[in-house]
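K.L.:
What follows is the file data.cif, containing mmCIF, C-alpha atoms, pLDDT in the B column; chains and numbers go by the auth columns:
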data_structure
loop_
_atom_site.group_PDB
_atom_site.id
_atom_site.type_symbol
_atom_site.label_atom_id
_atom_site.label_comp_id
_atom_site.label_asym_id
_atom_site.label_seq_id
_atom_site.Cartn_x
_atom_site.Cartn_y
_atom_site.Cartn_z
_atom_site.B_iso_or_equiv
_atom_site.auth_seq_id
_atom_site.auth_asym_id
ATOM 1 C CA SER A 1 17.425 7.650 7.271 82.00 236 X
ATOM 2 C CA VAL A 2 16.835 8.917 3.740 91.00 237 X
ATOM 3 C CA LEU A 3 16.252 12.419 5.110 88.00 238 X
ATOM 4 C CA SER A 4 19.179 14.073 6.845 86.00 239 X
ATOM 5 C CA SER A 5 18.599 16.668 9.559 85.00 240 X
ATOM 6 C CA SER A 6 19.416 19.475 7.114 87.00 241 X
ATOM 7 C CA ALA A 7 16.979 18.022 4.576 88.00 242 X
ATOM 8 C CA VAL A 8 14.250 17.932 7.208 87.00 243 X
ATOM 9 C CA TRP A 9 14.843 21.568 8.052 87.00 244 X
ATOM 10 C CA LEU A 10 14.857 22.539 4.372 88.00 245 X
ATOM 11 C CA LEU A 11 11.603 20.689 3.747 89.00 246 X
ATOM 12 C CA SER A 12 9.973 22.371 6.729 87.00 247 X
ATOM 13 C CA THR A 13 10.574 25.750 5.071 87.00 248 X
ATOM 14 C CA ALA A 14 9.235 24.724 1.666 89.00 249 X
ATOM 15 C CA LEU A 15 6.291 22.361 2.195 92.00 250 X
ATOM 16 C CA PRO A 16 2.652 23.493 2.340 91.00 251 X
ATOM 17 C CA SER A 17 1.195 23.905 5.812 89.00 252 X
ATOM 18 C CA CYS A 18 -0.853 20.676 5.713 90.00 253 X
ATOM 19 C CA PHE A 19 2.416 18.732 6.067 92.00 254 X
ATOM 20 C CA LEU A 20 3.649 20.803 9.000 87.00 255 X
ATOM 21 C CA GLY A 21 0.704 20.847 11.394 73.00 256 X
ATOM 22 C CA HIS A 22 2.292 18.171 13.601 57.00 257 X
ATOM 23 C CA PHE A 23 5.936 18.932 12.880 55.00 258 X
ATOM 24 C CA HIS A 24 8.021 20.831 15.409 50.00 259 X
ATOM 25 C CA ALA A 25 11.303 21.657 13.709 46.00 260 X
ATOM 26 C CA LYS A 26 14.152 22.852 15.917 44.00 261 X
ATOM 27 C CA GLY A 27 16.485 24.240 13.291 41.00 262 X
ATOM 28 C CA SER A 28 19.104 22.024 11.672 38.00 263 X
ATOM 29 C CA ALA A 29 19.434 20.060 14.911 37.00 264 X
ATOM 30 C CA ALA A 30 16.104 18.292 14.345 40.00 265 X
ATOM 31 C CA SER A 31 16.585 14.555 14.697 44.00 266 X
ATOM 32 C CA THR A 32 15.456 12.081 12.035 43.00 267 X
ATOM 33 C CA SER A 33 15.250 9.015 14.263 42.00 268 X
ATOM 34 C CA GLN A 34 11.816 7.436 14.407 45.00 269 X
ATOM 35 C CA SER A 35 11.598 7.431 18.214 32.00 270 X
ATOM 36 C CA VAL A 36 12.575 11.097 18.640 31.00 271 X
ATOM 37 C CA TRP A 37 10.233 12.284 15.912 40.00 272 X
ATOM 38 C CA SER A 38 7.324 10.368 17.391 36.00 273 X
ATOM 39 C CA ALA A 39 8.048 11.572 20.911 34.00 274 X
ATOM 40 C CA GLY A 40 8.078 15.155 19.652 39.00 275 X
ATOM 41 C CA GLY A 41 4.648 14.783 18.074 43.00 276 X
ATOM 42 C CA SER A 42 6.040 15.273 14.587 71.00 277 X
ATOM 43 C CA TRP A 43 6.230 13.117 11.453 87.00 278 X
ATOM 44 C CA THR A 44 5.694 9.414 12.087 90.00 279 X
ATOM 45 C CA GLN A 45 7.444 6.767 10.031 92.00 280 X
ATOM 46 C CA LEU A 46 4.960 4.452 8.335 95.00 281 X
ATOM 47 C CA TYR A 47 7.273 2.563 6.008 96.00 282 X
ATOM 48 C CA SER A 48 11.000 1.988 5.682 96.00 283 X
ATOM 49 C CA SER A 49 12.405 -0.238 2.965 96.00 284 X
ATOM 50 C CA ASP A 50 15.426 -0.943 5.186 95.00 285 X
ATOM 51 C CA ASN A 51 13.121 -2.419 7.846 95.00 286 X
ATOM 52 C CA HIS A 52 10.148 -3.694 5.863 96.00 287 X
ATOM 53 C CA GLY A 53 11.651 -4.635 2.506 95.00 288 X
ATOM 54 C CA LEU A 54 11.819 -2.792 -0.808 96.00 289 X
ATOM 55 C CA SER A 55 8.706 -3.839 -2.734 95.00 290 X
ATOM 56 C CA MET A 56 5.390 -2.337 -3.788 95.00 291 X
ATOM 57 C CA ASN A 57 3.444 -4.876 -1.721 94.00 292 X
ATOM 58 C CA ARG A 58 5.274 -3.967 1.473 95.00 293 X
ATOM 59 C CA PHE A 59 4.936 -0.277 0.638 96.00 294 X
ATOM 60 C CA LYS A 60 1.161 -0.543 0.203 95.00 295 X
ATOM 61 C CA HIS A 61 0.740 -2.701 3.289 93.00 296 X
ATOM 62 C CA HIS A 62 2.296 -0.064 5.541 94.00 297 X
ATOM 63 C CA VAL A 63 0.986 3.083 3.825 95.00 298 X
ATOM 64 C CA MET A 64 -2.580 2.310 2.784 93.00 299 X
ATOM 65 C CA ASP A 65 -5.388 3.249 5.210 91.00 300 X
ATOM 66 C CA TYR A 66 -3.402 6.178 6.620 94.00 301 X
ATOM 67 C CA ARG A 67 -5.967 8.932 6.092 92.00 302 X
ATOM 68 C CA GLY A 68 -3.746 11.986 6.122 92.00 303 X
ATOM 69 C CA PRO A 69 -0.865 13.728 4.324 95.00 304 X
ATOM 70 C CA THR A 70 2.379 11.814 3.836 96.00 305 X
ATOM 71 C CA LEU A 71 5.924 12.330 2.600 97.00 306 X
ATOM 72 C CA MET A 72 7.583 9.674 0.471 97.00 307 X
ATOM 73 C CA ALA A 73 11.378 10.052 0.543 97.00 308 X
ATOM 74 C CA ILE A 74 13.316 8.186 -2.157 98.00 309 X
ATOM 75 C CA ARG A 75 17.069 7.733 -2.265 97.00 310 X
ATOM 76 C CA CYS A 76 18.465 6.723 -5.647 97.00 311 X
ATOM 77 C CA ALA A 77 21.896 5.974 -7.034 96.00 312 X
ATOM 78 C CA SER A 78 24.402 8.785 -7.648 93.00 313 X
ATOM 79 C CA ASP A 79 23.275 10.728 -4.541 93.00 314 X
ATOM 80 C CA ASN A 80 19.833 11.595 -5.869 96.00 315 X
ATOM 81 C CA VAL A 81 17.074 12.186 -3.304 97.00 316 X
ATOM 82 C CA PHE A 82 13.437 12.968 -4.093 97.00 317 X
ATOM 83 C CA VAL A 83 10.456 13.705 -1.852 97.00 318 X
ATOM 84 C CA LEU A 84 6.858 13.188 -2.964 98.00 319 X
ATOM 85 C CA ALA A 85 4.433 15.181 -0.807 97.00 320 X
ATOM 86 C CA VAL A 86 0.930 13.669 -0.881 97.00 321 X
ATOM 87 C CA ASP A 87 -1.821 15.740 0.735 96.00 322 X
ATOM 88 C CA THR A 88 -4.439 12.965 0.974 95.00 323 X
ATOM 89 C CA GLU A 89 -4.590 9.251 1.697 95.00 324 X
ATOM 90 C CA TRP A 90 -3.021 6.835 -0.759 96.00 325 X
ATOM 91 C CA ARG A 91 -5.235 4.873 -3.121 95.00 326 X
ATOM 92 C CA GLU A 92 -4.881 2.534 -6.078 94.00 327 X
ATOM 93 C CA THR A 93 -7.224 3.619 -8.873 92.00 328 X
ATOM 94 C CA SER A 94 -7.515 3.884 -12.634 92.00 329 X
ATOM 95 C CA SER A 95 -7.451 7.700 -12.579 94.00 330 X
ATOM 96 C CA SER A 96 -5.087 10.341 -11.237 96.00 331 X
ATOM 97 C CA TRP A 97 -5.725 11.773 -7.789 97.00 332 X
ATOM 98 C CA GLY A 98 -4.298 14.204 -5.248 97.00 333 X
ATOM 99 C CA GLY A 99 -5.127 17.662 -3.915 97.00 334 X
ATOM 100 C CA PRO A 100 -3.597 21.061 -4.680 97.00 335 X
ATOM 101 C CA ASP A 101 -0.759 20.666 -2.146 97.00 336 X
ATOM 102 C CA CYS A 102 0.787 17.600 -3.813 97.00 337 X
ATOM 103 C CA CYS A 103 4.301 18.158 -5.118 97.00 338 X
ATOM 104 C CA LEU A 104 7.466 16.353 -6.159 97.00 339 X
ATOM 105 C CA ILE A 105 10.664 17.889 -4.807 96.00 340 X
ATOM 106 C CA GLN A 106 14.209 17.035 -5.745 96.00 341 X
ATOM 107 C CA LEU A 107 16.387 17.440 -2.654 95.00 342 X
ATOM 108 C CA LEU A 108 19.709 16.320 -4.107 93.00 343 X
ATOM 109 C CA PRO A 109 21.815 17.078 -6.012 93.00 344 X
ATOM 110 C CA ASN A 110 19.945 20.396 -6.339 92.00 345 X
ATOM 111 C CA PHE A 111 16.863 21.544 -4.451 94.00 346 X
ATOM 112 C CA THR A 112 13.986 22.189 -6.842 94.00 347 X
ATOM 113 C CA THR A 113 10.287 21.468 -7.263 95.00 348 X
ATOM 114 C CA LEU A 114 9.815 19.259 -10.317 95.00 349 X
ATOM 115 C CA THR A 115 6.002 19.343 -10.432 95.00 350 X
ATOM 116 C CA ALA A 116 3.056 20.321 -8.239 96.00 351 X
ATOM 117 C CA GLY A 117 -0.729 20.559 -8.269 97.00 352 X
ATOM 118 C CA SER A 118 -3.938 18.565 -8.152 97.00 353 X
ATOM 119 C CA ARG A 119 -4.453 15.127 -9.721 97.00 354 X
ATOM 120 C CA LEU A 120 -0.721 14.589 -9.693 97.00 355 X
ATOM 121 C CA ILE A 121 -0.555 10.899 -8.767 97.00 356 X
ATOM 122 C CA LEU A 122 -1.516 7.611 -10.374 97.00 357 X
ATOM 123 C CA LEU A 123 -0.860 4.327 -8.571 97.00 358 X
ATOM 124 C CA ASN A 124 -1.792 1.455 -10.849 95.00 359 X
ATOM 125 C CA GLU A 125 -0.850 -2.219 -10.912 92.00 360 X
ATOM 126 C CA ARG A 126 -3.910 -3.778 -12.562 88.00 361 X
ATOM 127 C CA THR A 127 -5.666 -1.579 -15.104 91.00 362 X
ATOM 128 C CA ARG A 128 -4.659 -2.305 -18.677 90.00 363 X
ATOM 129 C CA GLY A 129 -4.001 0.575 -21.026 91.00 364 X
ATOM 130 C CA LEU A 130 -2.491 2.729 -18.262 93.00 365 X
ATOM 131 C CA PRO A 131 1.104 3.096 -17.086 93.00 366 X
ATOM 132 C CA VAL A 132 1.948 0.520 -14.425 95.00 367 X
ATOM 133 C CA GLY A 133 3.558 1.614 -11.176 96.00 368 X
ATOM 134 C CA LEU A 134 3.589 5.045 -9.565 97.00 369 X
ATOM 135 C CA VAL A 135 3.265 7.898 -12.051 97.00 370 X
ATOM 136 C CA ILE A 136 3.818 11.475 -10.836 97.00 371 X
ATOM 137 C CA GLY A 137 2.602 14.203 -13.156 96.00 372 X
ATOM 138 C CA GLN A 138 -0.652 15.722 -14.384 95.00 373 X
ATOM 139 C CA ASP A 139 -0.037 14.571 -17.958 93.00 374 X
ATOM 140 C CA LEU A 140 0.473 10.800 -17.942 92.00 375 X
ATOM 141 C CA SER A 141 2.107 10.849 -21.364 89.00 376 X
ATOM 142 C CA ARG A 142 4.733 13.375 -20.224 90.00 377 X
ATOM 143 C CA ALA A 143 4.959 12.752 -16.494 94.00 378 X
ATOM 144 C CA PRO A 144 8.247 13.992 -15.027 94.00 379 X
ATOM 145 C CA CYS A 145 8.583 10.956 -12.758 97.00 380 X
ATOM 146 C CA HIS A 146 7.687 7.266 -12.977 97.00 381 X
ATOM 147 C CA ILE A 147 8.474 4.540 -10.435 97.00 382 X
ATOM 148 C CA ASP A 148 8.118 0.968 -11.673 96.00 383 X
ATOM 149 C CA SER A 149 5.716 -1.486 -10.023 95.00 384 X
ATOM 150 C CA SER A 150 8.554 -3.386 -8.327 94.00 385 X
ATOM 151 C CA LEU A 151 9.774 -0.203 -6.617 96.00 386 X
ATOM 152 C CA GLN A 152 13.235 -0.793 -8.018 97.00 387 X
ATOM 153 C CA ASP A 153 13.726 2.007 -10.558 97.00 388 X
ATOM 154 C CA LEU A 154 12.798 5.673 -10.822 98.00 389 X
ATOM 155 C CA THR A 155 12.681 7.449 -14.179 97.00 390 X
ATOM 156 C CA VAL A 156 12.824 11.242 -14.016 96.00 391 X
ATOM 157 C CA ILE A 157 12.721 14.108 -16.516 91.00 392 X
ATOM 158 C CA ARG A 158 14.448 17.083 -14.880 84.00 393 X
ATOM 159 C CA SER A 159 14.315 19.191 -18.031 80.00 394 X
ATOM 160 C CA PRO A 160 13.439 18.667 -21.727 77.00 395 X
ATOM 161 C CA SER A 161 17.087 19.195 -22.725 78.00 396 X
ATOM 162 C CA ILE A 162 18.326 16.371 -20.475 79.00 397 X
ATOM 163 C CA GLY A 163 15.557 13.908 -21.254 84.00 398 X
ATOM 164 C CA LYS A 164 14.755 10.777 -19.255 91.00 399 X
ATOM 165 C CA GLU A 165 17.118 9.438 -16.612 94.00 400 X
ATOM 166 C CA ARG A 166 16.693 5.981 -15.097 96.00 401 X
ATOM 167 C CA LEU A 167 17.919 5.738 -11.504 97.00 402 X
ATOM 168 C CA PRO A 168 18.025 2.555 -9.397 98.00 403 X
ATOM 169 C CA ILE A 169 16.199 3.040 -6.102 98.00 404 X
ATOM 170 C CA LEU A 170 18.281 2.321 -3.004 98.00 405 X
ATOM 171 C CA SER A 171 15.806 3.006 -0.212 97.00 406 X
ATOM 172 C CA VAL A 172 12.352 4.443 0.425 97.00 407 X
ATOM 173 C CA GLU A 173 10.689 5.899 3.508 97.00 408 X
ATOM 174 C CA VAL A 174 7.155 7.161 4.038 96.00 409 X
ATOM 175 C CA TRP A 175 6.340 9.564 6.863 94.00 410 X
ATOM 176 C CA GLY A 176 2.850 10.333 8.120 94.00 411 X
ATOM 177 C CA CYS A 177 2.272 14.022 8.758 91.00 412 X
ATOM 178 C CA GLY A 178 -1.111 13.862 10.483 85.00 413 X
ATOM 179 C CA GLY A 179 -0.114 13.067 14.047 78.00 414 X
ATOM 180 C CA ALA A 180 -0.343 9.982 16.241 77.00 415 X
ATOM 181 C CA ASP A 181 -4.157 9.801 16.091 81.00 416 X
ATOM 182 C CA LEU A 182 -4.134 9.007 12.387 83.00 417 X
ATOM 183 C CA GLN A 183 -1.543 6.290 12.767 78.00 418 X
ATOM 184 C CA GLU A 184 -3.566 4.713 15.585 86.00 419 X
ATOM 185 C CA ALA A 185 -6.667 4.829 13.375 84.00 420 X
ATOM 186 C CA GLN A 186 -4.682 3.148 10.594 85.00 421 X
ATOM 187 C CA GLN A 187 -3.603 0.360 12.940 84.00 422 X
ATOM 188 C CA ARG A 188 -7.189 -0.161 14.108 88.00 423 X
ATOM 189 C CA GLN A 189 -8.347 -0.417 10.495 83.00 424 X
ATOM 190 C CA LYS A 190 -5.648 -2.965 9.681 82.00 425 X
ATOM 191 C CA ALA A 191 -6.552 -5.005 12.767 84.00 426 X
ATOM 192 C CA TRP A 192 -10.217 -4.996 11.718 81.00 427 X
ATOM 193 C CA ASP A 193 -9.285 -6.080 8.176 77.00 428 X
ATOM 194 C CA GLN A 194 -7.199 -8.937 9.575 77.00 429 X
ATOM 195 C CA ARG A 195 -10.067 -10.109 11.779 82.00 430 X
ATOM 196 C CA GLN A 196 -12.347 -10.196 8.740 81.00 431 X
ATOM 197 C CA VAL A 197 -9.813 -12.291 6.828 76.00 432 X
ATOM 198 C CA GLU A 198 -9.501 -14.733 9.728 79.00 433 X
ATOM 199 C CA ARG A 199 -13.268 -14.930 10.137 79.00 434 X
ATOM 200 C CA ARG A 200 -13.721 -15.812 6.475 79.00 435 X
ATOM 201 C CA ARG A 201 -11.103 -18.534 6.837 78.00 436 X
ATOM 202 C CA LYS A 202 -13.056 -20.080 9.716 73.00 437 X
ATOM 203 C CA VAL A 203 -16.360 -20.312 7.834 65.00 438 X
ATOM 204 C CA LYS A 204 -17.340 -24.002 7.766 61.00 439 X
ATOM 205 C CA ARG A 205 -17.420 -25.367 4.261 57.00 440 X
ATOM 206 C CA PRO A 206 -19.757 -28.178 3.168 55.00 441 X
ATOM 207 C CA GLY A 207 -18.332 -31.615 3.857 55.00 442 X
ATOM 208 C CA ARG A 208 -19.259 -34.879 2.161 56.00 443 X
ATOM 209 C CA TYR A 209 -22.570 -35.019 0.311 48.00 444 X
ATOM 210 C CA ASP A 210 -23.661 -37.750 2.728 54.00 445 X
ATOM 211 C CA ASP A 211 -23.621 -35.166 5.520 56.00 446 X
ATOM 212 C CA ASN A 212 -25.474 -32.547 3.521 60.00 447 X
ATOM 213 C CA PRO A 213 -29.015 -31.757 4.809 62.00 448 X
ATOM 214 C CA ASP A 214 -30.252 -31.618 1.216 62.00 449 X
ATOM 215 C CA ALA A 215 -29.274 -35.266 0.714 61.00 450 X
ATOM 216 C CA LEU A 216 -31.223 -36.283 3.813 59.00 451 X
ATOM 217 C CA LEU A 217 -34.348 -34.431 2.633 60.00 452 X
ATOM 218 C CA LEU A 218 -34.164 -36.151 -0.748 61.00 453 X
ATOM 219 C CA GLU A 219 -33.915 -39.562 0.902 62.00 454 X
ATOM 220 C CA TRP A 220 -36.930 -38.828 3.117 61.00 455 X
ATOM 221 C CA GLY A 221 -38.875 -38.048 -0.047 60.00 456 X
ATOM 222 C CA GLY A 222 -37.925 -41.405 -1.579 60.00 457 X
ATOM 223 C CA VAL A 223 -35.275 -40.022 -3.910 57.00 458 X
ATOM 224 C CA HIS A 224 -32.121 -42.095 -3.670 56.00 459 X
ATOM 225 C CA THR A 225 -28.910 -40.246 -4.249 53.00 460 X
ATOM 226 C CA THR A 226 -25.778 -41.775 -5.694 52.00 461 X
ATOM 227 C CA SER A 227 -24.189 -41.889 -2.265 52.00 462 X
ATOM 228 C CA GLN A 228 -27.243 -43.677 -0.870 52.00 463 X
ATOM 229 C CA PHE A 229 -27.010 -46.380 -3.532 50.00 464 X
ATOM 230 C CA GLN A 230 -23.341 -46.809 -2.715 55.00 465 X
ATOM 231 C CA LYS A 231 -24.169 -47.182 0.992 56.00 466 X
ATOM 232 C CA GLU A 232 -26.874 -49.786 0.344 58.00 467 X
ATOM 233 C CA ARG A 233 -24.611 -51.775 -1.950 57.00 468 X
ATOM 234 C CA LEU A 234 -21.846 -51.749 0.657 57.00 469 X
ATOM 235 C CA GLU A 235 -24.255 -52.996 3.339 63.00 470 X
ATOM 236 C CA GLU A 236 -25.491 -55.788 1.040 64.00 471 X
ATOM 237 C CA GLU A 237 -21.936 -56.906 0.258 62.00 472 X
ATOM 238 C CA GLN A 238 -21.119 -57.035 3.969 65.00 473 X
ATOM 239 C CA LYS A 239 -24.175 -59.303 4.622 64.00 474 X
ATOM 240 C CA ASN A 240 -23.066 -61.729 1.911 60.00 475 X
#
Please lay out the structure from this file as structure tokens.

P.N.:
Amino acid sequence: SVLSSSAVWLLSTALPSCFLGHFHAKGSAASTSQSVWSAGGSWTQLYSSDNHGLSMNRFKHHVMDYRGPTLMAIRCASDNVFVLAVDTEWRETSSSWGGPDCCLIQLLPNFTTLTAGSRLILLNERTRGLPVGLVIGQDLSRAPCHIDSSLQDLTVIRSPSIGKERLPILSVEVWGCGGADLQEAQQRQKAWDQRQVERRRKVKRPGRYDDNPDALLLEWGGVHTTSQFQKERLEEEQKN
């Protein structure tokens, strides 16, 4: 897991209460395995790059439609670990979003909050004229953190004196902090979306023009279609 037991305990002392309503920390002995966390009614793993693949598409597939607060844990090269706390559901829009409890925390090498506040997050893959990827910061032109759209690199500004640092991403996890009910609701929504996709695939498309009711109506009215002429010519050739 990206988050060690000590990191979990440290986060539980620093995060806003909306992330802790369903978390039952038991000191530094708290386990970070998915099964134990779920059984304890605590954070629920929604996405793991080790299990689901490291890409933005896989990330969005497993995280979208979860309508509650989440924690995105990111392990980078050189023992750097960051946690993005998001106090509302994820969305892909052309404007920044997020409530007052959003924050970006650096866990390692040193524990510190890099930025916090409302309208902290921009997730954009389509809108031209805006940064592409995941941008974390209230000022897009000077955001302290930017993750590229392939989910492969994280660029961070820890302080003006250090400047930008580009760190390859090794693994990502997203944990839902709203309890089992929200995850079940997310799964129901995904199942409904899949049924709609399958239903659209099964819609019968028009076949040949010969089988089209409009062609039959035209022929009843004495209007011969191209296909009708072809049929009559074929019948005449067969008689000869």

K.L.:
How many Å lie between CA of Val316 (chain X) and CA of Leu255 (chain X), rounded to one decimal?

P.N.:
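Answer for the CA of Val316 (chain X) to CA of Leu255 (chain X) separation: 20.1 Å.
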
K.L.:
I need the residue nearest Thr350 (chain X) from this list: X:Val318, X:Ala426, X:Leu306, X:Val367. Use all atoms listed in the file for the distance.

P.N.:
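Of X:Val318, X:Ala426, X:Leu306, X:Val367, the one nearest Thr350 (chain X) is X:Val318, counting all atoms listed in the file.
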
K.L.:
Applied to this file, what does the PyMOL selection byres ((chain X and resi 403-410) around 7) return in terms of residues, put as a PyMOL selection string?

P.N.:
chain X and resi 237+278-285+305-312+387-389+401-402+411-412

K.L.:
Which neighbours of Phe346 (chain X) fall inside 12 Å, counting only C-alpha atoms, when residues of the same chain fewer than 4 positions from it are skipped, and could you give them as number ranges by chain?

P.N.:
X: 242, 245-246, 249, 315-318, 339-342, 393

K.L.:
Determine the nearest neighbour of Ser394 (chain X) from the options X:Leu369, X:Leu349, X:Ala420, X:Leu375, counting only C-alpha atoms.

P.N.:
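Selected residue with least distance to Ser394 (chain X): X:Leu349.
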
K.L.:
Going by the chain IDs and residue numbers used in this file, which residues fall under the PyMOL selection byres ((chain X and resi 351) around 8)? Write them as a list in words.

P.N.:
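Taken over the shown coordinates, the PyMOL selection byres ((chain X and resi 351) around 8) returns Pro335, Asp336, Cys337, Cys338, Leu339, Thr348, Leu349, Thr350, Gly352, Ser353, Leu355 and Gly372 of chain X.
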
K.L.:
Using all atoms listed in the file, determine which residues lie at most 12 Å from His296 (chain X), disregarding the query and same-chain residues fewer than 4 positions distant; provide the list as a PyMOL selection string.

P.N.:
chain X and resi 281-284+287-292+300-301+325-326+409+421-422+424-425+428-429

K.L.:
I need the residue nearest Pro366 (chain X) from this list: X:Ser331, X:Thr347, X:Ile397, X:Cys253. Use all atoms listed in the file for the distance.

P.N.:
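Nearest to Pro366 (chain X): X:Ser331.
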
K.L.:
Tell me, in Å to one decimal, how far CA of Ser376 (chain X) is from CA of Leu319 (chain X).

P.N.:
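Between these atoms lies a distance of 19.1 Å.
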
K.L.:
Please report the interatomic distance between CA of Leu386 (chain X) and CA of Ser241 (chain X) in Å with one decimal.

P.N.:
25.9 Å

K.L.:
Choose the residue, out of X:Val321, X:Leu357, X:Ile382, X:Ile392, that has the smallest atom-to-atom separation from Val298 (chain X); count all atoms listed in the file.

P.N.:
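Distance minimum relative to Val298 (chain X) lands on X:Val321.
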
K.L.:
For Met299 (chain X), which of X:Ser330, X:Gln418, X:Thr248, X:Ser313 is the closest residue, counting all atoms listed in the file?

P.N.:
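Ranking X:Ser330, X:Gln418, X:Thr248, X:Ser313 by distance to Met299 (chain X), first place goes to X:Gln418.
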
K.L.:
Taking every listed atom of region 336-339 of chain X and adding 3 Å to each side, what centre and edge lengths in Å (one decimal) does the axis-aligned box have, as lines of an AutoDock Vina configuration file?

P.N.:
center_x = 3.4
center_y = 18.5
center_z = -4.2
size_x = 14.2
size_y = 10.3
size_z = 10.0

K.L.:
Between X:Ser277, X:Asn286, X:Thr390, X:Thr362, single out the one closest to Ser236 (chain X), counting only C-alpha atoms.

P.N.:
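Residue with the minimum atom-to-atom distance to Ser236 (chain X): X:Asn286.
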